[in-house]
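Have a look at structure11.csv; it's CSV, C-alpha atoms:
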chain,number,residue,atom,x,y,z
A,1,MET,CA,-12.4,17.5,17.8
A,2,ALA,CA,-15.7,15.6,18.2
A,3,GLU,CA,-16.0,15.5,14.4
A,4,SER,CA,-12.5,14.0,14.0
A,5,LEU,CA,-13.4,11.3,16.5
A,6,GLN,CA,-16.7,10.6,14.8
A,7,ILE,CA,-14.9,10.3,11.4
A,8,ALA,CA,-12.2,8.1,12.8
A,9,LYS,CA,-14.8,5.7,14.1
A,10,GLY,CA,-16.8,5.9,10.9
A,11,GLY,CA,-16.8,3.6,7.9
A,12,LYS,CA,-13.9,2.9,5.5
A,13,GLU,CA,-14.8,5.7,3.1
A,14,GLU,CA,-14.8,8.3,5.9
A,15,LYS,CA,-11.5,7.0,7.3
A,16,TYR,CA,-9.9,7.2,3.9
A,17,ALA,CA,-11.2,10.7,3.3
A,18,LEU,CA,-9.7,11.9,6.6
A,19,LEU,CA,-6.4,10.0,6.0
A,20,TYR,CA,-6.1,11.5,2.5
A,21,SER,CA,-6.3,15.1,3.9
A,22,GLN,CA,-3.7,14.2,6.6
A,23,VAL,CA,-1.4,12.8,3.9
A,24,GLN,CA,-1.9,15.9,1.8
A,25,SER,CA,-0.8,18.0,4.8
A,26,LEU,CA,2.2,15.8,5.4
A,27,VAL,CA,3.6,15.8,1.9
A,28,GLU,CA,3.1,19.6,1.6
A,29,VAL,CA,5.8,20.1,4.3
A,30,GLU,CA,8.1,17.1,3.6
A,31,ASN,CA,9.7,16.5,0.2
A,32,ASP,CA,11.7,13.4,1.0
A,33,THR,CA,10.1,10.4,-0.6
A,34,ILE,CA,11.4,7.8,1.9
A,35,ALA,CA,10.2,9.9,4.9
A,36,ASN,CA,6.8,10.2,3.3
A,37,MET,CA,6.6,6.5,2.6
A,38,ALA,CA,7.5,5.7,6.2
A,39,ASN,CA,4.8,8.0,7.6
A,40,ILE,CA,2.1,6.9,5.1
A,41,ALA,CA,2.8,3.3,5.8
A,42,SER,CA,2.4,3.9,9.5
A,43,MET,CA,-0.8,6.0,9.0
A,44,LEU,CA,-2.4,3.4,6.8
A,45,HIS,CA,-1.3,0.5,9.1
A,46,TYR,CA,-2.7,2.0,12.3
A,47,THR,CA,-5.8,3.5,10.8
A,48,PHE,CA,-7.0,0.2,9.4
A,49,ASN,CA,-5.1,-2.4,11.5
A,50,PHE,CA,-3.7,-4.1,8.5
A,51,TRP,CA,-1.4,-7.2,8.8
A,52,TRP,CA,1.4,-5.7,6.8
A,53,THR,CA,1.7,-2.3,5.1
A,54,GLY,CA,4.6,-1.0,3.2
A,55,PHE,CA,6.5,0.0,0.1
A,56,TYR,CA,8.9,-1.6,-2.3
A,57,ARG,CA,11.0,0.7,-4.5
A,58,VAL,CA,12.0,-0.1,-8.1
A,59,CYS,CA,15.8,-0.7,-8.2
A,60,GLY,CA,16.9,-2.0,-11.6
A,61,ASP,CA,15.0,-5.3,-12.4
A,62,GLU,CA,13.6,-5.8,-8.9
A,63,LEU,CA,11.6,-4.3,-6.1
A,64,VAL,CA,13.5,-3.6,-2.9
A,65,LEU,CA,11.9,-3.4,0.5
A,66,ALA,CA,11.3,0.2,1.6
A,67,PRO,CA,9.5,1.6,4.7
A,68,PHE,CA,6.9,-0.7,6.2
A,69,GLN,CA,4.9,-1.6,9.3
A,70,GLY,CA,4.4,-5.3,10.3
A,71,PRO,CA,6.3,-8.5,10.5
A,72,LEU,CA,9.4,-9.6,8.6
A,73,ALA,CA,9.1,-9.1,4.8
A,74,CYS,CA,10.7,-10.3,1.6
A,75,SER,CA,13.6,-8.0,0.8
A,76,ARG,CA,13.6,-8.3,-3.0
A,77,ILE,CA,11.0,-9.2,-5.6
A,78,LYS,CA,11.7,-9.7,-9.3
A,79,TYR,CA,9.9,-7.9,-12.1
A,80,GLY,CA,6.6,-9.7,-12.8
A,81,ARG,CA,6.8,-12.1,-9.8
A,82,GLY,CA,4.1,-12.3,-7.2
A,83,VAL,CA,1.4,-9.7,-6.6
A,84,CYS,CA,3.9,-6.8,-6.2
A,85,GLY,CA,5.9,-7.7,-9.3
A,86,THR,CA,2.7,-8.1,-11.3
A,87,ALA,CA,1.4,-4.7,-10.3
A,88,TRP,CA,4.7,-3.3,-11.5
A,89,LYS,CA,4.7,-5.2,-14.8
A,90,GLU,CA,1.0,-4.5,-15.5
A,91,ARG,CA,1.2,-0.9,-14.2
A,92,CYS,CA,-2.1,-1.3,-12.4
A,93,THR,CA,-3.5,-2.0,-9.0
A,94,GLN,CA,-3.9,-5.7,-8.0
A,95,VAL,CA,-6.7,-6.6,-5.6
A,96,VAL,CA,-6.3,-10.2,-4.5
A,97,PRO,CA,-9.1,-11.7,-2.3
A,98,ASP,CA,-7.3,-14.9,-1.6
A,99,VAL,CA,-3.5,-14.9,-2.1
A,100,GLU,CA,-3.4,-18.7,-2.4
A,101,LEU,CA,-5.3,-18.5,-5.6
A,102,PHE,CA,-2.9,-15.9,-7.2
A,103,PRO,CA,-0.6,-17.6,-9.7
A,104,GLY,CA,3.0,-17.2,-8.5
A,105,HIS,CA,2.1,-15.6,-5.1
A,106,ILE,CA,5.2,-15.1,-3.0
A,107,ALA,CA,4.4,-16.1,0.6
A,108,CYS,CA,6.5,-13.9,2.8
A,109,SER,CA,4.1,-14.9,5.7
A,110,SER,CA,1.5,-17.7,5.9
A,111,GLU,CA,-0.6,-15.3,7.9
A,112,SER,CA,-1.4,-13.2,4.8
A,113,LYS,CA,-4.8,-14.1,3.3
A,114,SER,CA,-5.6,-11.2,1.0
A,115,GLU,CA,-3.6,-8.4,-0.6
A,116,ILE,CA,-3.7,-5.1,-2.5
A,117,VAL,CA,-0.8,-3.6,-4.4
A,118,VAL,CA,-0.8,-0.1,-5.9
A,119,PRO,CA,1.9,1.2,-8.2
A,120,LEU,CA,3.4,4.6,-7.8
A,121,PHE,CA,4.3,6.6,-11.0
A,122,ASP,CA,6.8,9.4,-11.6
A,123,ALA,CA,6.1,12.4,-13.8
A,124,ASP,CA,7.1,10.4,-16.9
A,125,GLY,CA,4.7,7.6,-16.2
A,126,ASN,CA,7.3,5.1,-15.0
A,127,VAL,CA,6.6,2.9,-12.0
A,128,THR,CA,8.9,3.9,-9.2
A,129,ALA,CA,7.5,1.9,-6.3
A,130,VAL,CA,4.5,-0.1,-5.1
A,131,LEU,CA,2.4,0.1,-2.0
A,132,ASP,CA,1.7,-3.4,-0.7
A,133,ILE,CA,-0.9,-4.1,2.0
A,134,ASP,CA,-1.7,-7.5,3.3
A,135,SER,CA,-4.5,-8.7,5.5
A,136,GLU,CA,-4.8,-11.8,7.7
A,137,LYS,CA,-8.4,-12.0,6.6
A,138,TYR,CA,-9.8,-13.1,3.2
A,139,ALA,CA,-11.4,-10.5,0.8
A,140,THR,CA,-10.4,-7.5,2.8
A,141,PHE,CA,-9.8,-5.1,-0.1
A,142,ASP,CA,-12.3,-3.8,-2.6
A,143,GLU,CA,-12.8,-0.9,-5.1
A,144,CYS,CA,-13.1,1.6,-2.2
A,145,ASP,CA,-9.6,0.7,-1.1
A,146,SER,CA,-8.2,0.7,-4.6
A,147,ALA,CA,-9.6,4.1,-5.4
A,148,TRP,CA,-8.5,5.8,-2.2
A,149,LEU,CA,-5.0,4.1,-2.1
A,150,GLN,CA,-4.4,5.3,-5.7
A,151,LYS,CA,-5.3,8.8,-4.7
A,152,ILE,CA,-3.0,8.6,-1.6
A,153,VAL,CA,0.0,7.3,-3.5
A,154,SER,CA,-0.4,9.9,-6.2
A,155,LEU,CA,0.6,12.4,-3.5
A,156,ILE,CA,4.0,10.9,-3.1
A,157,ARG,CA,6.7,12.7,-5.1

Can the structure from this file be put into structure tokens for me?
Amino acid sequence: MAESLQIAKGGKEEKYALLYSQVQSLVEVENDTIANMANIASMLHYTFNFWWTGFYRVCGDELVLAPFQGPLACSRIKYGRGVCGTAWKERCTQVVPDVELFPGHIACSSESKSEIVVPLFDADGNVTAVLDIDSEKYATFDECDSAWLQKIVSLIR
């Protein structure tokens, strides 16, 4: 117990390591994707106190809002638009230190200052969803976040 408290109070790397093992345990017993997205969004949001944490699912030619934590969000995002649509189109994680400098940024909230978006892939390599996390602070996300979030979303089936 003391070790768990110590890790939870530790640095970002330690928090992600603990969270990853918790997500592994979660998805081992739950096979519903939406249920797992809901719990993972909550776990990330409350572990790191992010401004907005959630998922968008690929539905045809747009992303549709899925489970999230935080204030009101955009419901639909077109392919290639904004940070989320770009992550989908380019099939890679987008780390944005200042959203105002991102070409075509979609401002769902003026409180958002930085963002990271991680695509989720199915067994055939198709993007099925994206994990979107916003911060009310500039330059919140880095390679540590990118690496760990990619590992975490790879657990979602």

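Closest approach to A:Tyr138 from the set A:Ala107, A:Leu120, A:Val99, A:Val58 is made by A:Val99, with distances taken over all atoms listed in the file.
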
Enter the distance from atom CA of A:Lys113 to atom CA of A:Glu100, in Å, rounded to one decimal.
7.5 Å

So that I can see what lies close to A:Phe121, please list as an MDAnalysis selection string the residues with an atom at most 10 Å from it, counting only C-alpha atoms and leaving out residues fewer than 4 positions away in the same chain.
chainID A and resid 88 91 125:130 153:154 156:157

The distance between atom CA of A:Ser135 and atom CA of A:Glu13 is 17.9 Å

Could you put an axis-aligned box around every listed atom of stretch 20-32 of chain A, padded by 5 Å on each side, and send me its centre and edge lengths in Å to one decimal, as AutoDock Vina command-line options?
--center_x 2.7 --center_y 15.8 --center_z 3.4 --size_x 28.0 --size_y 18.6 --size_z 16.4

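In this structure, atom CA of A:Phe55 sits 21.1 Å away from atom CA of A:Leu18.
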
Find the spatial neighbours of A:Gln150, counting only C-alpha atoms, within a cut-off of 10 Å - ignore same-chain residues fewer than 4 positions away - and output them as a list in words.
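My list of contacting residues is Cys92, Thr93, Val117, Val118, Pro119, Leu120, Leu131, Asp145, Ser146, Ser154 and Leu155 of chain A.
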
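Shortest separation to A:Phe102 among A:Thr47, A:Asn39, A:Thr140, A:Ser114 occurs at residue A:Ser114, atoms counted being all atoms listed in the file.
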